[in-house]
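Visitor: Attaching a single structure in structure tokens format; questions to follow.
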Amino acid sequence: MLLLSYVGGIAAGLVTSWLGMLVLRRIHAVVLENLLTLLVPFAAFLAAEAVGASGVLAVVVAGLVVSQVAPKLDRAETRQQVRSFWSFSTFLLNGALFVLVGIEATIAVRELAGSEIAIGLGLIGAVSVAVVVLRFAFLNLSWGTIRLVTLRTGGSPREGHRDRLVSGLTGFRGAVSLAAAVAVPRLVESGGAFPDRDLIVFVTAGVVVVTIVGQSLVLPAVVRWASFDGSGEVLEERRSAERTALEEALDALPRLARKTGAEAEIVDRIREDYEGHLALVKAEESDDDEHPLLVQRGAAVELELALVRLKAATVLRLRDQGEIDDLVLRQVRAEYDAEETRLLRLDQRG
């Protein structure tokens, strides 16, 4: 049964996500593409439960596959819509799940005797320590494996002991653990109560509270002690990605211009824009806050923000005056909103 639960859950997640990605290749409507990404995890859960496997594990596997494959198949318009949808949906679902488990935990406590609650508290402490220790063990084992491989290939693992220390303390238990506990059935096939289900829910809820509250309170001190600033690495990688993408785009510009039949004047204008963007990225990499290009970029972003907001107010006034329809207002404002969002992100970077 354990083998079926794990292997069947993984297989259901893989098969469902693979079928979903095949369908995604043939869909060209934004709403349908987003609907498909919403249905895949539900389909994976139902498929796993139909064969008696772990539906939670199937959903996790399907999510991992979709997150890796879908960006290669969908379009920019789809990604823009799906980011907003899943940002809100994730927050809403996580909140609903914690409320559900709070209700379940309350019911479990009422059903448990005093001695069982004492045992549950002891189990919460033991399981909390176990999950932290196992996370550290996994991180060090995976790091050692990577180190052996990279030494043979002449490289070296990027992650150091400070990274592993911080990563080890960020292993908060949350939605997946809670979902797995709540998914435990109340009755077995014979009709009797599932053994110790209330204790399972109580211990899981307790471990979630201990890891989220306890580790979150300790984590800032550990980050300071480790002198670890993960944001710097992310910023460096982002700048490197932008620089590489711009350089390859400039190299490909003549070939793509010939392919599309663009005139020389258009090519020169695009080249100038890309070279200017590349110069800004290189200026950011120099970490010189007083660099003239960065100062100019800040003023330019503020000016463009003011202009796009003025354009948005203008089309709104035209709608109020009856010169344009609500449909036109929504279409034009959508473009201005995307432009304003892009400029706000540039302003935050500055």
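In the structure tokens, each chain is lettered A, B, ... as it comes, each chain's residues begin at 1, and ligands are numbered from 1 in order of appearance.
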Which residues of stretch 74-165 of chain A come within 9 Å of stretch 181-195 of chain A, and what is each one's closest atom pair and distance in Å (one decimal), counting only C-alpha atoms, sorted by chain and residue number, as a Markdown table?
Guide:
| residue | atom | partner | partner_atom | distance |
| --- | --- | --- | --- | --- |
| A:Leu100 | CA | A:Val182 | CA | 8.5 |
| A:Val101 | CA | A:Val182 | CA | 7.0 |
| A:Glu104 | CA | A:Val182 | CA | 7.6 |
Visitor: Could you dump the residues just selected with N, CA and C atoms as a PDB file, in the first residue's frame?
Guide:
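out.pdb was written with the following content:
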ATOM      1  N   LEU A 100      -9.283  25.659   7.659  1.00  0.00           N
ATOM      2  CA  LEU A 100      -9.818  24.304   7.708  1.00  0.00           C
ATOM      3  C   LEU A 100      -9.082  23.458   8.742  1.00  0.00           C
ATOM      4  N   VAL A 101      -7.758  23.555   8.756  1.00  0.00           N
ATOM      5  CA  VAL A 101      -6.979  22.760   9.700  1.00  0.00           C
ATOM      6  C   VAL A 101      -7.191  23.264  11.125  1.00  0.00           C
ATOM      7  N   GLU A 104     -10.233  21.556  12.097  1.00  0.00           N
ATOM      8  CA  GLU A 104      -9.954  20.134  12.312  1.00  0.00           C
ATOM      9  C   GLU A 104      -9.166  19.925  13.605  1.00  0.00           C
TER      10      GLU A 104
END
Visitor: Within 10 Å of stretch 120-124 of chain A, which residues of stretch 188-244 of chain A show up? Give each one with its shortest atom-to-atom distance in Å (one decimal) and the two atoms involved, counting only C-alpha atoms, rows by chain then rising residue number, as CSV.
Guide:
residue,atom,partner,partner_atom,distance
A:Asp198,CA,A:Gly120,CA,9.9
A:Leu199,CA,A:Gly120,CA,6.5
A:Ile200,CA,A:Gly120,CA,8.5
A:Val201,CA,A:Gly120,CA,9.8
A:Phe202,CA,A:Gly120,CA,7.0
A:Val203,CA,A:Ile124,CA,5.3
A:Thr204,CA,A:Ile124,CA,7.5
A:Ala205,CA,A:Ile124,CA,8.7
A:Gly206,CA,A:Ile124,CA,5.8
A:Val207,CA,A:Ile124,CA,5.5
A:Val208,CA,A:Ile124,CA,9.2
A:Val209,CA,A:Ile124,CA,9.7
A:Val210,CA,A:Ile124,CA,8.2
Visitor: Pick out each residue of stretch 1-174 of chain A that DSSP on the backbone tags as helix (DSSP H, G or I); I need them as a ChimeraX atom specification.
Guide: /A:2-25,30-50,55-72,76-111,114-153,161-168
Visitor: Once you count only C-alpha atoms, what closest atom pair and distance in Å to one decimal does each residue of stretch 25-46 of chain A within 8 Å of stretch 78-93 of chain A have, with rows by chain and rising residue number, as CSV?
Guide:
residue,atom,partner,partner_atom,distance
A:Val30,CA,A:Thr78,CA,5.2
A:Val31,CA,A:Thr78,CA,7.7
A:Glu33,CA,A:Thr78,CA,7.0
A:Asn34,CA,A:Val82,CA,6.2
Visitor: Next, write the just-selected residues to a file, as a PDB file, in the first residue's frame, keeping all heavy atoms as the atom set.
Guide:
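Generated output (out_33.pdb):
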ATOM      1  N   VAL A  30      -6.140  32.532 -24.361  1.00  0.00           N
ATOM      2  CA  VAL A  30      -5.535  32.832 -23.067  1.00  0.00           C
ATOM      3  C   VAL A  30      -6.352  32.246 -21.920  1.00  0.00           C
ATOM      4  O   VAL A  30      -5.807  31.611 -21.011  1.00  0.00           O
ATOM      5  CB  VAL A  30      -5.389  34.360 -22.894  1.00  0.00           C
ATOM      6  CG1 VAL A  30      -4.902  34.695 -21.486  1.00  0.00           C
ATOM      7  CG2 VAL A  30      -4.432  34.913 -23.927  1.00  0.00           C
ATOM      8  N   VAL A  31      -7.669  32.444 -21.948  1.00  0.00           N
ATOM      9  CA  VAL A  31      -8.519  31.959 -20.859  1.00  0.00           C
ATOM     10  C   VAL A  31      -8.467  30.437 -20.765  1.00  0.00           C
ATOM     11  O   VAL A  31      -8.395  29.867 -19.662  1.00  0.00           O
ATOM     12  CB  VAL A  31      -9.969  32.445 -21.055  1.00  0.00           C
ATOM     13  CG1 VAL A  31     -10.875  31.842 -19.993  1.00  0.00           C
ATOM     14  CG2 VAL A  31     -10.037  33.964 -20.997  1.00  0.00           C
ATOM     15  N   GLU A  33      -6.013  28.478 -21.754  1.00  0.00           N
ATOM     16  CA  GLU A  33      -4.690  28.081 -21.269  1.00  0.00           C
ATOM     17  C   GLU A  33      -4.623  28.170 -19.752  1.00  0.00           C
ATOM     18  O   GLU A  33      -4.115  27.267 -19.077  1.00  0.00           O
ATOM     19  CB  GLU A  33      -3.611  28.971 -21.902  1.00  0.00           C
ATOM     20  CG  GLU A  33      -3.393  28.699 -23.382  1.00  0.00           C
ATOM     21  CD  GLU A  33      -2.358  29.619 -23.985  1.00  0.00           C
ATOM     22  OE1 GLU A  33      -1.774  30.433 -23.240  1.00  0.00           O
ATOM     23  OE2 GLU A  33      -2.113  29.530 -25.195  1.00  0.00           O
ATOM     24  N   ASN A  34      -5.147  29.257 -19.204  1.00  0.00           N
ATOM     25  CA  ASN A  34      -5.140  29.417 -17.755  1.00  0.00           C
ATOM     26  C   ASN A  34      -6.091  28.424 -17.078  1.00  0.00           C
ATOM     27  O   ASN A  34      -5.801  27.927 -15.985  1.00  0.00           O
ATOM     28  CB  ASN A  34      -5.540  30.852 -17.385  1.00  0.00           C
ATOM     29  CG  ASN A  34      -4.446  31.835 -17.736  1.00  0.00           C
ATOM     30  OD1 ASN A  34      -3.271  31.521 -17.680  1.00  0.00           O
ATOM     31  ND2 ASN A  34      -4.831  33.044 -18.112  1.00  0.00           N
TER      32      ASN A  34
END
Visitor: If we count only C-alpha atoms, what is near stretch 6-8 of chain A at a cut-off of 9 Å, once residues fewer than 2 positions away on the same chain are taken out, given as a ChimeraX atom specification?
Guide: /A:1-4,10-13,48,51-54,57-58
Visitor: Using only C-alpha atoms, determine which residues lie at most 10 Å from A:Ile27, disregarding the query and same-chain residues fewer than 6 positions distant; provide the list as number ranges by chain.
Guide: A: 21, 33, 36, 73-74
